[in-house]
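Taking it in order: structure first as structure tokens, then the write-up.
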Amino acid sequence: MVKTMAQEGYLIKQEKYLEAGIHIGTKLRVIDMHKFIYRTRNDGLFVLDLRKIDERIRLAGKLLAKYEPTDIVVIASRAYSTMAAKAFAKVTGAHVIAGRFVPGAFTNVQRADFVEPKLVIICDPKGERQAVLECGKMGLPTVGLCDTDNYTMFIDWAIPCNNKGRRSLALIFWLLAREMAMSNGKISGYDDFKPTLEEFEASLNAPEVEEIAAPAVDAASAPAEEVGAADDSADEDAEDEAEVAAELAKEEKGEEAKHKEAKAEGEAKKAKEEPESEEKKAERKTKAAKAKKDADEKSAHKAKEEEKPVHKKKE
């Protein structure tokens with residue numbers, strides 16, 4: 001019997017989750033995300049647990065509903081997350097900071113673009129690291145869309161998900177908007193929610209380029225360290241990638257050494273277990289006879305030397 005959505009206990013039919021690829025992670029896994037991983041595919045990709053994804057989206061929607069929409073800010077540094085976030089903002093009334101997050105936007109009250117939200121949604125904790133750090137510094141509650149390679153430091157409520165896919169992001173923000181409306185009493189049932197998932201999936205027609213140009217930094221109003229932080233962010237990303245590559249190379253090297261050691265042990269064991277051939281037996285006996293002959297000759301020579309008379313010099 002095919003389960004209905006109510007029987008499954010999901011916010012939406014399981015097939016919709018699978019079609020959007022919301023559960024497909026990366027080939028990297030950090031310790032913070034271990035508890036959300038269901039299994040590993042044959043191609044090395046980690047698969048997230050659908051039930052945990054669904055549960056955390058449900059609770060995140062209820063959490064968002066406790067805040068005024070105008071006090072919620074979504075940080076979206078990529079094109080796909082930006083489009084989904086703007087659709088979410090249009091429905092709920094939240095604000096979106098698109099593109100690269102400029103350092104000081106949450107901490108420097110002297111900036112013209114200073115923002116003081118009461119809750120922040122982070123679309124990519126790695127790419128939006130500066131925003132995460134400023135949220136931690138200012139004590140701002142955060143909801144983070146976290147893939148298998150994202151650390152959750154300063155993320156108060158992590159939603160495990162594919163945070164890079166267009167359809168995945170559209171589905172997540174559509175569900176969050178619907179749960180907010182449900183919790184606020186704006187709708188009495190899911191069928192009353194007018195915005196469609198297809199509207200949120202408009203990003204499917206977007207260009208393949210994900211990165212959005214960073215907003216210009218006003219050097220006159222921003223401290224020198226903030227301008228430097230914005231300029232150096234690309235270098236920091238490159239350093240992170242280099243560190244990951246080094247760790248992977250280290251792991252591969254260790255695995256290769258273990259493989260070689262196991263292979264050598266196997267060959268030694270095999271050689272020990274295999275019966276000795278007649279040719280090898282003859283060769284071994286010849287070597288043993290030669291070694292014995294050499295030892296006898298050496299002993300005879302030594303005995304002969306000892307038997308020689310010792311001539312004393314006449315005084």
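Ligands are numbered from 1 in the order shown, chains are lettered A, B, ... in the order of the structure tokens, and residues start at 1 in each chain.
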
Can you list, as a PyMOL selection string, all residues belonging to segment 5-173 of chain A that DSSP tags as strand (DSSP E)? chain A and resi 37-40+46-48+72-76+95-98+119-122+142-146+157-160

If we count only C-alpha atoms, what is near Phe114 of chain A at a cut-off of 9 Å, once residues fewer than 5 positions away on the same chain are taken out, given as number ranges by chain? A: 104-109

Any chance you could export the current selection's C-alpha atoms as a PDB file, in the first residue's frame?
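What follows is the written file again_8.pdb:
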ATOM      1  CA  GLY A 104      30.777  45.185   9.599  1.00  0.00           C
ATOM      2  CA  ALA A 105      27.194  45.075   8.334  1.00  0.00           C
ATOM      3  CA  PHE A 106      26.105  43.615  11.697  1.00  0.00           C
ATOM      4  CA  THR A 107      28.758  45.130  13.970  1.00  0.00           C
ATOM      5  CA  ASN A 108      29.658  48.639  12.744  1.00  0.00           C
ATOM      6  CA  VAL A 109      26.874  51.093  13.614  1.00  0.00           C
TER       7      VAL A 109
END

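The nearest approach to Glu68 of chain A among the residues A:Gly99, A:Phe46, A:Gly185, A:Gly93, with only C-alpha atoms taken into account, belongs to A:Gly93.
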
Do you have, as a Markdown table, the list of residues of segment 10-86 of chain A lying at most 8 Å from segment 125-147 of chain A, each with its nearest atom pair and that distance in Å to one decimal, counting only C-alpha atoms and ordered by chain then number?
| residue | atom | partner | partner_atom | distance |
| --- | --- | --- | --- | --- |
| A:Gly25 | CA | A:Asp147 | CA | 5.9 |
| A:Thr26 | CA | A:Asp147 | CA | 7.3 |
| A:Met33 | CA | A:Asp147 | CA | 7.8 |
| A:Ala60 | CA | A:Val143 | CA | 7.3 |
| A:Ile75 | CA | A:Glu128 | CA | 7.4 |
| A:Ala76 | CA | A:Glu128 | CA | 7.9 |
| A:Ser77 | CA | A:Glu128 | CA | 6.8 |

Would you mind listing what lies within 8 Å of Ile72 of chain A as a VMD selection string, with only C-alpha atoms counted and same-chain residues fewer than 5 positions away left out? chain A and resid 64 67 94 to 95 117 to 121

Would you write out those residues with N, CA and C atoms, as a PDB file, in the first residue's frame?
ATOM      1  N   LEU A  64      10.841  30.648  13.132  1.00  0.00           N
ATOM      2  CA  LEU A  64      10.767  31.890  12.351  1.00  0.00           C
ATOM      3  C   LEU A  64       9.463  32.628  12.612  1.00  0.00           C
ATOM      4  N   TYR A  67       9.130  35.521  15.211  1.00  0.00           N
ATOM      5  CA  TYR A  67       9.732  36.829  14.956  1.00  0.00           C
ATOM      6  C   TYR A  67       8.908  37.601  13.936  1.00  0.00           C
ATOM      7  N   ALA A  94      10.397  39.183   4.852  1.00  0.00           N
ATOM      8  CA  ALA A  94      11.765  39.205   5.390  1.00  0.00           C
ATOM      9  C   ALA A  94      12.680  39.990   4.458  1.00  0.00           C
ATOM     10  N   HIS A  95      13.891  40.262   4.932  1.00  0.00           N
ATOM     11  CA  HIS A  95      14.879  40.991   4.134  1.00  0.00           C
ATOM     12  C   HIS A  95      15.951  40.025   3.626  1.00  0.00           C
ATOM     13  N   PRO A 117      19.335  42.822  12.696  1.00  0.00           N
ATOM     14  CA  PRO A 117      18.245  41.836  12.677  1.00  0.00           C
ATOM     15  C   PRO A 117      18.088  41.160  14.032  1.00  0.00           C
ATOM     16  N   LYS A 118      16.979  40.460  14.189  1.00  0.00           N
ATOM     17  CA  LYS A 118      16.763  39.681  15.406  1.00  0.00           C
ATOM     18  C   LYS A 118      16.936  38.189  15.158  1.00  0.00           C
ATOM     19  N   LEU A 119      16.941  37.806  13.881  1.00  0.00           N
ATOM     20  CA  LEU A 119      17.213  36.412  13.503  1.00  0.00           C
ATOM     21  C   LEU A 119      17.787  36.414  12.094  1.00  0.00           C
ATOM     22  N   VAL A 120      18.782  35.558  11.861  1.00  0.00           N
ATOM     23  CA  VAL A 120      19.466  35.513  10.563  1.00  0.00           C
ATOM     24  C   VAL A 120      19.407  34.099   9.997  1.00  0.00           C
ATOM     25  N   ILE A 121      19.081  33.990   8.718  1.00  0.00           N
ATOM     26  CA  ILE A 121      19.116  32.707   8.012  1.00  0.00           C
ATOM     27  C   ILE A 121      20.368  32.685   7.137  1.00  0.00           C
TER      28      ILE A 121
END

Expressed in Å to a single decimal, how great is the separation between atom CA of Lys164 of chain A and atom CA of Lys66 of chain A?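 Taking atom CA of Lys164 of chain A as the start and atom CA of Lys66 of chain A as the end point, the length is 27.2 Å.
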
Arg51 of chain A environment, 10 Å, only C-alpha atoms, sequence neighbours closer than 2 positions dropped, as a ChimeraX atom specification: /A:8-11,14,23,36,38,48-49,53-57

Save the residues we just selected, N, CA and C atoms, as a PDB file, in the first residue's frame?
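Now in result-v6.pdb:
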ATOM      1  N   GLU A   8       3.213   9.088   6.067  1.00  0.00           N
ATOM      2  CA  GLU A   8       4.669   9.190   6.086  1.00  0.00           C
ATOM      3  C   GLU A   8       5.141  10.146   7.169  1.00  0.00           C
ATOM      4  N   GLY A   9       4.300  11.152   7.499  1.00  0.00           N
ATOM      5  CA  GLY A   9       4.685  12.123   8.504  1.00  0.00           C
ATOM      6  C   GLY A   9       5.553  13.240   7.972  1.00  0.00           C
ATOM      7  N   TYR A  10       5.683  13.362   6.650  1.00  0.00           N
ATOM      8  CA  TYR A  10       6.501  14.404   6.037  1.00  0.00           C
ATOM      9  C   TYR A  10       5.676  15.658   5.753  1.00  0.00           C
ATOM     10  N   LEU A  11       6.360  16.780   5.624  1.00  0.00           N
ATOM     11  CA  LEU A  11       5.712  18.033   5.261  1.00  0.00           C
ATOM     12  C   LEU A  11       5.214  18.001   3.818  1.00  0.00           C
ATOM     13  N   GLN A  14       7.400  12.351   0.000  1.00  0.00           N
ATOM     14  CA  GLN A  14       8.805  11.961  -0.028  1.00  0.00           C
ATOM     15  C   GLN A  14       9.391  12.067  -1.434  1.00  0.00           C
ATOM     16  N   HIS A  23      18.460  15.744  -0.263  1.00  0.00           N
ATOM     17  CA  HIS A  23      19.196  14.833   0.622  1.00  0.00           C
ATOM     18  C   HIS A  23      20.604  14.513   0.121  1.00  0.00           C
ATOM     19  N   PHE A  36      23.585  13.695  11.026  1.00  0.00           N
ATOM     20  CA  PHE A  36      22.539  13.889  10.023  1.00  0.00           C
ATOM     21  C   PHE A  36      22.712  13.008   8.791  1.00  0.00           C
ATOM     22  N   TYR A  38      22.778   9.666   6.609  1.00  0.00           N
ATOM     23  CA  TYR A  38      22.071   8.381   6.576  1.00  0.00           C
ATOM     24  C   TYR A  38      22.965   7.263   6.051  1.00  0.00           C
ATOM     25  N   LEU A  48      21.988  12.504   3.184  1.00  0.00           N
ATOM     26  CA  LEU A  48      21.413  13.002   4.437  1.00  0.00           C
ATOM     27  C   LEU A  48      20.096  12.286   4.761  1.00  0.00           C
ATOM     28  N   ASP A  49      19.777  12.245   6.036  1.00  0.00           N
ATOM     29  CA  ASP A  49      18.570  11.573   6.511  1.00  0.00           C
ATOM     30  C   ASP A  49      17.350  12.453   6.233  1.00  0.00           C
ATOM     31  N   ILE A  53      15.883  15.985   8.005  1.00  0.00           N
ATOM     32  CA  ILE A  53      15.705  17.202   7.207  1.00  0.00           C
ATOM     33  C   ILE A  53      14.294  17.748   7.412  1.00  0.00           C
ATOM     34  N   ASP A  54      13.310  16.871   7.266  1.00  0.00           N
ATOM     35  CA  ASP A  54      11.908  17.260   7.385  1.00  0.00           C
ATOM     36  C   ASP A  54      11.601  17.811   8.777  1.00  0.00           C
ATOM     37  N   GLU A  55      12.087  17.127   9.796  1.00  0.00           N
ATOM     38  CA  GLU A  55      11.831  17.543  11.179  1.00  0.00           C
ATOM     39  C   GLU A  55      12.421  18.927  11.454  1.00  0.00           C
ATOM     40  N   ARG A  56      13.615  19.175  10.948  1.00  0.00           N
ATOM     41  CA  ARG A  56      14.289  20.439  11.238  1.00  0.00           C
ATOM     42  C   ARG A  56      13.705  21.605  10.441  1.00  0.00           C
ATOM     43  N   ILE A  57      13.204  21.329   9.246  1.00  0.00           N
ATOM     44  CA  ILE A  57      12.513  22.387   8.492  1.00  0.00           C
ATOM     45  C   ILE A  57      11.219  22.760   9.211  1.00  0.00           C
TER      46      ILE A  57
END

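Distance annotation: of A:Asn150, A:Thr196, A:Thr286, A:Ser183, the residue with the minimal separation from Phe88 of chain A is A:Thr196; atom set is only C-alpha atoms.
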
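For the pair atom CA of Ala202 of chain A and atom CA of Arg166 of chain A, the interatomic distance is 9.0 Å.
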
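Near Thr92 of chain A, within 10 Å and counting only C-alpha atoms, sit Ala65, Glu68, Pro69, Thr70, Ile72, Lys86, Ala87, Phe88, Ala89, Lys90, Ala94, His95, Leu176, Ala177, Arg178, Met180 and Ala181 of chain A; same-chain residues fewer than 2 positions away were not included.
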
Calculate how many Å separate atom CA of Asp156 of chain A from atom CA of Leu63 of chain A, rounding to one decimal.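 Computed distance, atom CA of Asp156 of chain A to atom CA of Leu63 of chain A, equals 11.1 Å.
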
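Counting only C-alpha atoms and comparing A:Ile24, A:Ala79, A:Ile12, A:Ala291, the residue that lies closest to Arg58 of chain A is A:Ile12.
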
Counting only C-alpha atoms, the residue of A:Ala295, A:Leu45, A:Asp71, A:Cys123 that sits nearest Ile155 of chain A: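 Closest to Ile155 of chain A, using only C-alpha atoms: A:Cys123.
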